[in-house]
$ cat upload-v6.csv   # CSV, C-alpha atoms (C1' of nucleotides)
chain,number,residue,atom,x,y,z
A,13,MET,CA,-8.0,37.0,13.1
A,14,GLU,CA,-4.7,37.2,14.9
A,15,THR,CA,-4.7,34.2,17.1
A,16,VAL,CA,-6.2,30.7,17.2
A,17,SER,CA,-6.9,28.5,20.2
A,18,SER,CA,-5.8,25.0,20.6
A,19,ASN,CA,-9.5,24.2,20.8
A,20,SER,CA,-10.5,25.4,17.4
A,21,LEU,CA,-7.4,23.9,15.8
A,22,ALA,CA,-8.1,20.6,17.5
A,23,GLN,CA,-11.6,20.6,16.2
A,24,VAL,CA,-10.7,20.9,12.5
A,25,ALA,CA,-7.8,18.4,12.9
A,26,ASN,CA,-10.0,15.9,14.7
A,27,VAL,CA,-7.8,15.6,17.8
A,28,LYS,CA,-8.0,16.6,21.4
A,29,PRO,CA,-6.9,20.1,22.4
A,30,ALA,CA,-4.4,18.8,25.0
A,31,GLN,CA,-2.8,16.7,22.3
A,32,LEU,CA,-2.4,19.6,20.0
A,33,ARG,CA,-0.9,21.8,22.7
A,34,LYS,CA,1.6,19.2,23.8
A,35,ASP,CA,2.7,18.7,20.2
A,36,LEU,CA,3.1,22.4,19.5
A,37,ALA,CA,5.0,22.8,22.8
A,38,TYR,CA,7.8,20.7,21.3
A,39,PHE,CA,8.6,23.6,19.0
A,40,GLY,CA,9.0,25.9,22.0
A,41,GLN,CA,6.7,28.3,23.7
A,42,LEU,CA,4.5,29.6,20.9
A,43,GLY,CA,1.2,30.4,22.5
A,44,THR,CA,0.0,33.1,24.8
A,45,ARG,CA,-2.0,32.1,27.8
A,46,GLY,CA,-5.4,33.4,27.7
A,47,LEU,CA,-5.2,34.3,24.0
A,48,GLY,CA,-4.1,31.3,21.9
A,49,TYR,CA,-1.4,31.0,19.2
A,50,PRO,CA,-0.5,33.9,17.0
A,51,VAL,CA,-1.4,32.7,13.5
A,52,GLU,CA,1.6,34.1,11.8
A,53,LEU,CA,4.1,32.8,14.3
A,54,LEU,CA,2.5,29.4,14.2
A,55,LEU,CA,2.7,29.3,10.4
A,56,GLU,CA,6.3,30.4,10.3
A,57,THR,CA,7.3,28.0,13.0
A,58,ILE,CA,5.7,25.0,11.3
A,59,ARG,CA,7.1,26.0,7.9
A,60,ASP,CA,10.4,26.2,9.7
A,61,VAL,CA,10.3,22.9,11.4
A,62,LEU,CA,9.3,21.1,8.2
A,63,GLY,CA,11.2,23.7,6.2
A,64,ARG,CA,14.4,21.9,5.5
A,65,ALA,CA,12.2,19.3,3.9
A,66,THR,CA,10.9,21.5,1.2
A,67,LEU,CA,13.7,21.6,-1.4
A,68,GLN,CA,14.4,17.9,-1.6
A,69,PRO,CA,14.8,16.4,-5.0
A,70,VAL,CA,13.0,13.1,-5.5
A,71,ILE,CA,13.0,10.4,-8.1
A,72,LEU,CA,10.3,8.0,-9.0
A,73,VAL,CA,11.0,4.4,-10.0
A,74,GLY,CA,8.5,2.2,-11.8
A,75,VAL,CA,6.3,4.0,-14.4
A,76,GLY,CA,3.3,1.6,-14.4
A,77,ASN,CA,-0.2,2.9,-13.9
A,78,LEU,CA,0.4,4.0,-10.4
A,79,GLY,CA,3.8,5.6,-11.2
A,80,ARG,CA,2.3,7.5,-14.1
A,81,ALA,CA,-0.5,8.8,-12.0
A,82,LEU,CA,1.9,10.0,-9.3
A,83,LEU,CA,3.9,11.8,-12.0
A,84,HIS,CA,0.8,13.7,-12.9
A,85,TYR,CA,-0.2,14.3,-9.3
A,86,ASP,CA,0.6,17.9,-8.5
A,87,GLY,CA,0.3,17.5,-4.7
A,88,PHE,CA,4.0,16.9,-4.5
A,89,LYS,CA,4.9,20.1,-6.2
A,90,LYS,CA,2.6,22.1,-4.0
A,91,GLU,CA,4.4,20.8,-0.9
A,92,GLY,CA,7.7,21.7,-2.4
A,93,PHE,CA,9.0,18.4,-3.7
A,94,GLU,CA,10.5,18.2,-7.1
A,95,VAL,CA,10.4,14.9,-9.0
A,96,LEU,CA,13.6,15.2,-11.0
A,97,ALA,CA,13.2,12.1,-13.1
A,98,ALA,CA,11.4,8.8,-13.5
A,99,PHE,CA,13.0,5.4,-14.1
A,100,ASP,CA,11.8,2.1,-15.7
A,101,THR,CA,13.3,-0.9,-17.4
A,102,ASP,CA,10.6,-1.6,-19.9
A,103,GLU,CA,11.5,-0.5,-23.4
A,104,LYS,CA,7.9,0.2,-24.4
A,105,THR,CA,7.4,2.2,-21.2
A,106,LEU,CA,10.5,4.2,-21.9
A,107,LYS,CA,9.3,5.3,-25.3
A,108,GLN,CA,6.2,7.0,-24.1
A,109,LYS,CA,5.9,10.8,-24.5
A,110,GLY,CA,4.0,13.5,-22.7
A,111,LEU,CA,5.6,13.2,-19.3
A,112,SER,CA,6.7,16.3,-17.6
A,113,VAL,CA,10.0,14.8,-16.3
A,114,PRO,CA,12.8,12.9,-18.1
A,115,LEU,CA,12.1,9.1,-18.3
A,116,LEU,CA,15.3,7.1,-18.0
A,117,HIS,CA,16.5,3.5,-17.8
A,118,ASP,CA,17.1,2.0,-14.4
A,119,ASP,CA,20.8,1.6,-15.4
A,120,GLU,CA,21.2,5.3,-15.2
A,121,MET,CA,19.7,5.5,-11.7
A,122,THR,CA,22.8,5.2,-9.6
A,123,PRO,CA,24.8,7.9,-11.4
A,124,PHE,CA,21.8,10.1,-11.4
A,125,ILE,CA,21.2,9.8,-7.7
A,126,LYS,CA,24.8,10.6,-7.0
A,127,LYS,CA,25.0,13.5,-9.4
A,128,TYR,CA,21.9,15.2,-8.0
A,129,ASN,CA,22.4,14.1,-4.5
A,130,VAL,CA,18.9,12.5,-4.4
A,131,ARG,CA,17.8,11.5,-0.9
A,132,MET,CA,14.3,10.2,-1.5
A,133,ALA,CA,12.7,7.9,-3.9
A,134,ILE,CA,9.1,6.9,-4.7
A,135,LEU,CA,9.0,3.2,-5.5
A,136,CYS,CA,6.1,1.9,-7.6
A,137,VAL,CA,7.6,-1.2,-9.2
A,138,PRO,CA,5.8,-4.6,-9.1
A,139,ALA,CA,6.2,-6.5,-5.9
A,140,GLN,CA,8.8,-9.0,-7.2
A,141,TYR,CA,11.3,-6.2,-8.0
A,142,GLY,CA,10.7,-4.1,-4.9
A,143,GLN,CA,13.6,-5.4,-2.8
A,144,GLU,CA,16.0,-5.5,-5.7
A,145,VAL,CA,15.4,-1.9,-6.7
A,146,ALA,CA,15.5,-0.8,-3.1
A,147,ASN,CA,18.9,-2.3,-2.7
A,148,VAL,CA,20.1,-0.3,-5.7
A,149,LEU,CA,18.6,2.9,-4.3
A,150,VAL,CA,20.1,2.4,-0.9
A,151,ASP,CA,23.5,1.6,-2.3
A,152,ALA,CA,23.4,4.7,-4.4
A,153,GLY,CA,22.7,6.9,-1.4
A,154,VAL,CA,19.0,7.2,-1.0
A,155,GLN,CA,17.9,7.6,2.6
A,156,GLY,CA,14.1,7.5,2.4
A,157,ILE,CA,11.8,5.4,0.3
A,158,LEU,CA,8.1,5.9,-0.2
A,159,ASN,CA,7.2,2.3,-1.0
A,160,PHE,CA,4.0,1.6,-3.0
A,161,SER,CA,5.1,-1.9,-3.8
A,162,PRO,CA,3.3,-4.5,-1.7
A,163,THR,CA,6.5,-5.7,-0.3
A,164,ILE,CA,8.2,-5.4,3.1
A,165,LEU,CA,11.6,-4.0,2.3
A,166,GLN,CA,14.6,-5.1,4.2
A,167,VAL,CA,16.9,-2.1,4.5
A,168,PRO,CA,19.6,-0.9,6.8
A,169,GLU,CA,18.5,0.6,10.1
A,170,GLN,CA,19.2,4.2,9.2
A,171,ILE,CA,17.0,4.1,6.0
A,172,VAL,CA,13.4,5.2,6.5
A,173,VAL,CA,10.7,3.4,4.6
A,174,THR,CA,7.1,4.4,4.5
A,175,ARG,CA,4.8,1.9,3.0
A,176,VAL,CA,1.6,2.7,1.2
A,177,ASP,CA,-0.3,-0.4,0.3
A,178,LEU,CA,-3.5,0.6,-1.3
A,179,ALA,CA,-5.1,-2.9,-1.3
A,180,MET,CA,-4.3,-3.3,2.3
A,181,GLU,CA,-5.9,0.0,3.2
A,182,LEU,CA,-9.1,-1.1,1.6
A,183,GLU,CA,-8.9,-4.4,3.4
A,184,SER,CA,-8.3,-2.8,6.7
A,185,LEU,CA,-11.2,-0.5,6.1
A,186,SER,CA,-13.5,-3.4,5.2
A,187,TYR,CA,-12.4,-5.3,8.3
A,188,PHE,CA,-13.5,-2.4,10.5
A,189,ILE,CA,-16.8,-1.7,8.9
A,190,ASP,CA,-18.1,-5.2,8.7
A,191,GLN,CA,-20.1,-6.3,11.6
B,30,MET,CA,7.3,-27.5,5.0
B,31,GLU,CA,4.4,-28.1,7.3
B,32,THR,CA,4.9,-25.5,10.0
B,33,VAL,CA,6.4,-22.1,10.6
B,34,SER,CA,7.8,-20.6,13.7
B,35,SER,CA,6.9,-17.1,15.0
B,36,ASN,CA,10.6,-16.4,14.6
B,37,SER,CA,10.8,-16.9,10.9
B,38,LEU,CA,7.5,-15.2,10.3
B,39,ALA,CA,8.5,-12.2,12.4
B,40,GLN,CA,11.7,-11.9,10.4
B,41,VAL,CA,10.0,-11.5,7.0
B,42,ALA,CA,7.4,-9.2,8.5
B,43,ASN,CA,9.9,-7.0,10.3
B,44,VAL,CA,8.4,-7.4,13.7
B,45,LYS,CA,9.4,-9.1,17.0
B,46,PRO,CA,8.4,-12.7,17.5
B,47,ALA,CA,6.5,-12.1,20.7
B,48,GLN,CA,4.4,-9.5,18.9
B,49,LEU,CA,3.5,-11.9,16.2
B,50,ARG,CA,2.6,-14.6,18.7
B,51,LYS,CA,0.4,-12.3,20.7
B,52,ASP,CA,-1.4,-11.1,17.6
B,53,LEU,CA,-2.1,-14.6,16.3
B,54,ALA,CA,-3.2,-15.7,19.7
B,55,TYR,CA,-6.2,-13.4,19.3
B,56,PHE,CA,-7.5,-15.8,16.7
B,57,GLY,CA,-7.4,-18.7,19.1
B,58,GLN,CA,-4.8,-21.4,19.8
B,59,LEU,CA,-3.2,-22.0,16.5
B,60,GLY,CA,0.3,-23.0,17.2
B,61,THR,CA,1.9,-26.1,18.6
B,62,ARG,CA,4.4,-25.7,21.3
B,63,GLY,CA,7.8,-26.8,20.2
B,64,LEU,CA,6.8,-27.0,16.6
B,65,GLY,CA,5.3,-23.7,15.4
B,66,TYR,CA,2.2,-22.9,13.4
B,67,PRO,CA,0.8,-25.4,10.9
B,68,VAL,CA,1.0,-23.4,7.6
B,69,GLU,CA,-2.3,-24.6,6.2
B,70,LEU,CA,-4.3,-23.9,9.4
B,71,LEU,CA,-2.7,-20.5,9.6
B,72,LEU,CA,-3.6,-19.6,6.1
B,73,GLU,CA,-7.1,-20.8,6.5
B,74,THR,CA,-7.6,-18.9,9.7
B,75,ILE,CA,-6.3,-15.6,8.4
B,76,ARG,CA,-8.4,-16.0,5.2
B,77,ASP,CA,-11.3,-16.6,7.5
B,78,VAL,CA,-10.7,-13.7,9.8
B,79,LEU,CA,-10.3,-11.3,6.8
B,80,GLY,CA,-12.7,-13.4,4.8
B,81,ARG,CA,-16.0,-11.6,5.1
B,82,ALA,CA,-14.1,-8.7,3.6
B,83,THR,CA,-13.5,-10.2,0.3
B,84,LEU,CA,-16.7,-9.7,-1.6
B,85,GLN,CA,-17.4,-6.1,-1.0
B,86,PRO,CA,-18.5,-3.9,-3.8
B,87,VAL,CA,-16.7,-0.5,-4.0
B,88,ILE,CA,-17.2,2.7,-5.9
B,89,LEU,CA,-14.7,5.4,-6.8
B,90,VAL,CA,-15.5,9.1,-6.8
B,91,GLY,CA,-13.4,11.6,-8.6
B,92,VAL,CA,-11.8,10.5,-11.8
B,93,GLY,CA,-8.8,12.9,-12.0
B,94,ASN,CA,-5.3,11.6,-12.5
B,95,LEU,CA,-5.2,9.8,-9.2
B,96,GLY,CA,-8.7,8.3,-9.6
B,97,ARG,CA,-7.9,7.1,-13.1
B,98,ALA,CA,-4.7,5.5,-11.9
B,99,LEU,CA,-6.6,3.7,-9.2
B,100,LEU,CA,-9.1,2.4,-11.7
B,101,HIS,CA,-6.3,0.9,-13.6
B,102,TYR,CA,-4.6,-0.5,-10.5
B,103,ASP,CA,-5.3,-4.2,-10.3
B,104,GLY,CA,-4.2,-4.7,-6.7
B,105,PHE,CA,-7.8,-4.2,-5.6
B,106,LYS,CA,-9.1,-7.0,-7.7
B,107,LYS,CA,-6.4,-9.3,-6.5
B,108,GLU,CA,-7.5,-8.8,-2.9
B,109,GLY,CA,-11.1,-9.4,-3.9
B,110,PHE,CA,-12.6,-6.0,-4.1
B,111,GLU,CA,-14.7,-5.0,-7.1
B,112,VAL,CA,-14.9,-1.4,-8.2
B,113,LEU,CA,-18.4,-1.4,-9.6
B,114,ALA,CA,-18.4,2.2,-11.0
B,115,ALA,CA,-16.7,5.5,-11.0
B,116,PHE,CA,-18.3,8.9,-10.5
B,117,ASP,CA,-17.4,12.4,-11.5
B,118,THR,CA,-19.2,15.7,-12.2
B,119,ASP,CA,-17.1,17.1,-15.0
B,120,GLU,CA,-18.7,16.7,-18.4
B,121,LYS,CA,-15.4,16.3,-20.2
B,122,THR,CA,-14.2,13.6,-17.8
B,123,LEU,CA,-17.5,11.8,-18.2
B,124,LYS,CA,-17.0,11.5,-22.0
B,125,GLN,CA,-13.7,9.6,-21.8
B,126,LYS,CA,-13.6,6.0,-23.0
B,127,GLY,CA,-11.5,3.0,-22.2
B,128,LEU,CA,-12.3,2.6,-18.6
B,129,SER,CA,-13.1,-0.9,-17.4
B,130,VAL,CA,-16.0,0.3,-15.3
B,131,PRO,CA,-19.1,2.5,-15.9
B,132,LEU,CA,-18.4,6.1,-15.4
B,133,LEU,CA,-21.4,8.0,-14.1
B,134,HIS,CA,-22.4,11.4,-13.0
B,135,ASP,CA,-22.4,12.2,-9.3
B,136,ASP,CA,-26.1,12.7,-9.4
B,137,GLU,CA,-26.5,8.9,-9.8
B,138,MET,CA,-24.4,8.1,-6.8
B,139,THR,CA,-27.0,7.9,-4.1
B,140,PRO,CA,-29.4,5.6,-6.0
B,141,PHE,CA,-26.4,3.5,-7.1
B,142,ILE,CA,-25.1,3.0,-3.6
B,143,LYS,CA,-28.5,2.0,-2.4
B,144,LYS,CA,-29.2,-0.3,-5.3
B,145,TYR,CA,-26.0,-2.2,-5.0
B,146,ASN,CA,-25.7,-1.9,-1.2
B,147,VAL,CA,-22.3,-0.3,-1.5
B,148,ARG,CA,-20.5,0.0,1.8
B,149,MET,CA,-17.1,1.4,0.8
B,150,ALA,CA,-16.0,4.3,-1.4
B,151,ILE,CA,-12.6,5.5,-2.6
B,152,LEU,CA,-12.6,9.3,-2.6
B,153,CYS,CA,-10.2,11.1,-4.9
B,154,VAL,CA,-11.9,14.4,-5.5
B,155,PRO,CA,-10.1,17.7,-5.1
B,156,ALA,CA,-9.7,18.9,-1.5
B,157,GLN,CA,-12.5,21.5,-1.6
B,158,TYR,CA,-15.1,18.9,-2.5
B,159,GLY,CA,-14.0,16.2,-0.1
B,160,GLN,CA,-16.4,17.0,2.7
B,161,GLU,CA,-19.4,17.7,0.5
B,162,VAL,CA,-19.0,14.4,-1.4
B,163,ALA,CA,-18.3,12.5,1.9
B,164,ASN,CA,-21.6,13.8,3.2
B,165,VAL,CA,-23.5,12.4,0.2
B,166,LEU,CA,-21.7,9.1,0.6
B,167,VAL,CA,-22.5,8.7,4.2
B,168,ASP,CA,-26.1,9.8,3.8
B,169,ALA,CA,-26.5,7.2,1.0
B,170,GLY,CA,-25.3,4.4,3.4
B,171,VAL,CA,-21.5,4.1,2.8
B,172,GLN,CA,-19.7,3.1,6.0
B,173,GLY,CA,-16.1,3.3,5.1
B,174,ILE,CA,-14.2,5.8,3.1
B,175,LEU,CA,-10.7,5.5,1.7
B,176,ASN,CA,-9.9,9.2,1.5
B,177,PHE,CA,-7.2,10.4,-0.9
B,178,SER,CA,-8.3,14.0,-0.7
B,179,PRO,CA,-6.1,16.1,1.4
B,180,THR,CA,-8.9,16.9,3.8
B,181,ILE,CA,-9.9,15.8,7.2
B,182,LEU,CA,-13.4,14.6,6.9
B,183,GLN,CA,-15.9,15.2,9.6
B,184,VAL,CA,-18.1,12.1,9.7
B,185,PRO,CA,-20.4,10.4,12.2
B,186,GLU,CA,-18.6,8.2,14.7
B,187,GLN,CA,-19.6,4.9,13.3
B,188,ILE,CA,-18.1,5.7,9.9
B,189,VAL,CA,-14.5,4.7,9.3
B,190,VAL,CA,-12.2,6.9,7.3
B,191,THR,CA,-8.7,5.9,6.3
B,192,ARG,CA,-6.8,8.8,4.9
B,193,VAL,CA,-3.9,8.5,2.4
B,194,ASP,CA,-2.2,11.8,1.9
B,195,LEU,CA,0.6,11.2,-0.6
B,196,ALA,CA,2.3,14.6,-0.2
B,197,MET,CA,2.2,14.2,3.6
B,198,GLU,CA,3.8,10.8,3.4
B,199,LEU,CA,6.7,12.4,1.5
B,200,GLU,CA,6.9,15.2,3.9
B,201,SER,CA,7.0,12.9,6.9
B,202,LEU,CA,9.7,10.8,5.2
B,203,SER,CA,11.8,13.9,4.5
B,204,TYR,CA,11.4,15.0,8.0
B,205,PHE,CA,12.8,11.8,9.3
B,206,ILE,CA,15.7,11.5,7.0
B,207,ASP,CA,17.0,15.0,7.3
B,208,GLN,CA,19.6,15.4,10.0
C,13,DT,C1',-11.8,35.2,32.5
C,14,DG,C1',-9.7,32.4,28.9
C,15,DG,C1',-6.4,29.5,27.2
C,16,DT,C1',-1.5,27.8,27.3
C,17,DG,C1',2.1,24.8,29.3
C,18,DT,C1',2.9,20.9,31.8
C,19,DG,C1',3.5,17.5,35.7
C,20,DA,C1',0.9,13.4,36.9
C,21,DA,C1',-2.2,9.8,35.9
C,22,DG,C1',-4.1,6.8,32.6
C,23,DT,C1',-4.1,3.9,28.5
C,24,DG,C1',-3.0,0.7,25.1
C,25,DG,C1',0.2,-1.5,22.9
C,26,DT,C1',4.9,-3.9,23.0
C,27,DT,C1',8.5,-6.7,25.0
C,28,DC,C1',10.2,-9.9,28.4
C,29,DA,C1',10.7,-14.1,30.3
C,30,DC,C1',9.2,-18.3,31.5
C,31,DA,C1',5.8,-22.1,32.4
C,32,DG,C1',4.2,-25.8,29.9
C,33,DC,C1',3.6,-28.9,26.2
C,34,DA,C1',5.0,-31.7,21.8
D,26,DT,C1',15.0,-29.6,23.3
D,27,DG,C1',12.2,-26.1,20.8
D,28,DC,C1',8.6,-23.1,20.5
D,29,DT,C1',4.0,-21.5,21.8
D,30,DG,C1',0.9,-18.9,24.9
D,31,DT,C1',0.7,-15.5,28.3
D,32,DG,C1',1.1,-12.9,32.8
D,33,DA,C1',3.9,-9.2,34.2
D,34,DA,C1',6.9,-5.4,33.3
D,35,DC,C1',7.7,-1.9,30.4
D,36,DC,C1',7.2,2.0,27.4
D,37,DA,C1',5.4,5.7,24.7
D,38,DC,C1',1.9,8.2,23.9
D,39,DT,C1',-2.6,10.5,25.4
D,40,DT,C1',-5.5,12.7,28.5
D,41,DC,C1',-6.5,15.1,32.7
D,42,DA,C1',-6.4,18.8,35.5
D,43,DC,C1',-4.5,22.8,37.2
D,44,DA,C1',-1.0,26.4,38.1
D,45,DC,C1',0.0,30.4,35.8
D,46,DC,C1',-0.2,34.3,33.0
D,47,DA,C1',-2.2,38.0,29.5
$ encode --input "upload-v6.csv" --output "structure tokens"
Amino acid sequence: METVSSNSLAQVANVKPAQLRKDLAYFGQLGTRGLGYPVELLLETIRDVLGRATLQPVILVGVGNLGRALLHYDGFKKEGFEVLAAFDTDEKTLKQKGLSVPLLHDDEMTPFIKKYNVRMAILCVPAQYGQEVANVLVDAGVQGILNFSPTILQVPEQIVVTRVDLAMELESLSYFIDQ
Amino acid sequence: METVSSNSLAQVANVKPAQLRKDLAYFGQLGTRGLGYPVELLLETIRDVLGRATLQPVILVGVGNLGRALLHYDGFKKEGFEVLAAFDTDEKTLKQKGLSVPLLHDDEMTPFIKKYNVRMAILCVPAQYGQEVANVLVDAGVQGILNFSPTILQVPEQIVVTRVDLAMELESLSYFIDQ
DNA sequence: TGGTGTGAAGTGGTTCACAGCA
DNA sequence: TGCTGTGAACCACTTCACACCA
């Protein structure tokens, strides 16, 4: 199998073919009229476009249940992200063993971020600390935050925040299915 | 404090005031011109609109790292969702203790869903089983799936799927911050 | 013939701006 | 005066539909 059509790709991705073509067209002329997209070229190009992403060091802040789960989650590694260290303030939490990354006190966060030039952080602290910790992260030089705390973070414009609020996802789901 | 203005609400929610007003207007005439929205009425109305959501039973399928973390996550409870049971196929997994909900074999899923009239499921199985398990869920009567598996599920039109792909969130983040 | 690339039309959601009411 | 509710303008994204090329 040397080529794929926008049609077949669209089908598995659950989008319309025209959508997919328009999106791919942003990366330049990839496809061949009448044939489709050469699979190899397509893979290369996508890898390339997302490519510069793949070596970024990441830290995780807040090693509660969710934080711990994310540390064990190997999906990040697979996509090429490396969680360099985890941070927490709780003394009991800091004593736990068996994590695959160093577990440090929040106090060491700023120097760590600067030393390793960390650009992205995964934030899993309780809601009430979300903003406070985010401020530290941003001041230290973090540019993107994946926010699992149920808080709306107020950050400078150039900082990107992606929020994942699990309870809200469920709520939204239940809103749509109820009739 | 008896009333709030769309302005102040918009500020904390990080949206434009007009947006907020338009959204609230869908619930009827809530605000008073020149004054703002009566806080109590607003709370009541929102609770009401989302209200029917709040008593839904939920099951969780796939008790790997992520699934286990979600079982410990108390954000669901706080929003009024009750995880009735968790399901897995792995014998070792099924033997573990210390969970706050019954842990059952996948084979018992369909009767369980029917018995308790479960409408929503949290799906945390490995990618390769996602579709298969989703089919079982849908056939049993589940109408909404919160999908943590990195799979695009093909489901009947009336079924709602919300996908949370953690690695992809990070990837998107890193795409936007890199310049 | 089959399937991309892409202007043009359509769509849905956002923002403006202001009339109208406390 | 202050602030909502809302038509109208705007905008970004989606879809259509077709020229064009292997």
$ interface_residues --input "upload-v6.csv" --of "chain D" --to "chain A" --cutoff "8 Å" --atoms "only C-alpha atoms (C1' of nucleotides)" --output "PDB file with C-alpha atoms (C1' of nucleotides), in the frame of the given file"
ATOM      1  C1'  DT D  39      -2.600  10.500  25.400  1.00  0.00           C
ATOM      2  C1'  DT D  40      -5.500  12.700  28.500  1.00  0.00           C
ATOM      3  C1'  DC D  46      -0.200  34.300  33.000  1.00  0.00           C
ATOM      4  C1'  DA D  47      -2.200  38.000  29.500  1.00  0.00           C
TER       5       DA D  47
END
$ residues_near_point --input "upload-v6.csv" --point "(4.8, -16.6, 14.3)" --cutoff "7 Å" --atoms "all atoms listed in the file" --output "list of chain:residue names"
B:Val33, B:Ser34, B:Ser35, B:Asn36, B:Ser37, B:Leu38, B:Ala39, B:Pro46, B:Leu49, B:Arg50, B:Tyr66
$ closest_atom_pairs --input "upload-v6.csv" --of "chain B" --to "chain A" --cutoff "7 Å" --atoms "only C-alpha atoms" --output "CSV"
residue,atom,partner,partner_atom,distance
B:Ala42,CA,A:Ile164,CA,6.7
B:Leu79,CA,A:Tyr187,CA,6.5
B:Ala82,CA,A:Ser186,CA,5.6
B:Asn94,CA,A:Ala81,CA,5.6
B:Leu95,CA,A:Ala81,CA,5.6
B:Ala98,CA,A:Ala81,CA,5.3
B:His101,CA,A:Asn77,CA,6.4
B:Tyr102,CA,A:Asn77,CA,6.5
B:Gly104,CA,A:Ala179,CA,5.8
B:Phe105,CA,A:Ala179,CA,5.2
B:Glu108,CA,A:Ala179,CA,6.6
B:Gln172,CA,A:Ile189,CA,6.3
B:Gly173,CA,A:Leu185,CA,6.3
B:Leu175,CA,A:Leu182,CA,6.8
B:Ile181,CA,A:Ala25,CA,6.6
B:Val189,CA,A:Ile189,CA,6.8
B:Thr191,CA,A:Leu185,CA,6.9
B:Ala196,CA,A:Phe88,CA,5.2
B:Leu199,CA,A:Leu158,CA,6.9
B:Glu200,CA,A:Ala65,CA,6.7
B:Leu202,CA,A:Gly156,CA,6.2
B:Ser203,CA,A:Ala65,CA,5.4
B:Tyr204,CA,A:Ala65,CA,6.0
B:Ile206,CA,A:Gln155,CA,6.3
$ atom_distance --input "upload-v6.csv" --atom1 "CA of Ala156 in chain B" --atom2 "CA of Val90 in chain B"
12.6 Å
$ closest_atom_pairs --input "upload-v6.csv" --of "chain C" --to "chain B" --cutoff "12 Å" --atoms "all atoms listed in the file" --output "JSON lines"
{"residue": "C:DG25", "atom": "C1'", "partner": "B:Gln48", "partner_atom": "CA", "distance": 9.9}
{"residue": "C:DT26", "atom": "C1'", "partner": "B:Gln48", "partner_atom": "CA", "distance": 7.0}
{"residue": "C:DT27", "atom": "C1'", "partner": "B:Ala47", "partner_atom": "CA", "distance": 7.2}
{"residue": "C:DC28", "atom": "C1'", "partner": "B:Ala47", "partner_atom": "CA", "distance": 8.8}
{"residue": "C:DA29", "atom": "C1'", "partner": "B:Ala47", "partner_atom": "CA", "distance": 10.7}
{"residue": "C:DA31", "atom": "C1'", "partner": "B:Arg62", "partner_atom": "CA", "distance": 11.8}
{"residue": "C:DG32", "atom": "C1'", "partner": "B:Arg62", "partner_atom": "CA", "distance": 8.6}
{"residue": "C:DC33", "atom": "C1'", "partner": "B:Arg62", "partner_atom": "CA", "distance": 5.9}
{"residue": "C:DA34", "atom": "C1'", "partner": "B:Gly63", "partner_atom": "CA", "distance": 5.9}
$ atom_distance --input "upload-v6.csv" --atom1 "CA of Asn176 in chain B" --atom2 "CA of Gly159 in chain B"
8.3 Å
$ atom_distance --input "upload-v6.csv" --atom1 "CA of Glu73 in chain B" --atom2 "CA of Gln140 in chain A"
24.1 Å
$ closest_residue --input "upload-v6.csv" --among "A:Leu54, A:Val167, A:Leu42, A:Ala146" --to "Met121 in chain A" --atoms "all atoms listed in the file"
A:Ala146
$ residues_around --input "upload-v6.csv" --residues "Lys127 in chain A" --least-positions-apart "6" --cutoff "12 Å" --atoms "all atoms listed in the file" --output "list in words"
Pro69, Leu96, Glu120, Met121, Ala152 and Gly153 of chain A
$ residues_around --input "upload-v6.csv" --residues "DG24 in chain C" --least-positions-apart "3" --cutoff "12 Å" --atoms "all atoms listed in the file" --output "list of chain:residue names"
D:DC36, D:DA37, D:DC38, D:DT39
$ axis_aligned_box --input "upload-v6.csv" --around "range 106-110 of chain B" --padding-each-side "3 Å" --output "lines of an AutoDock Vina configuration file"
center_x = -9.5
center_y = -7.7
center_z = -5.3
size_x = 12.2
size_y = 9.4
size_z = 10.8
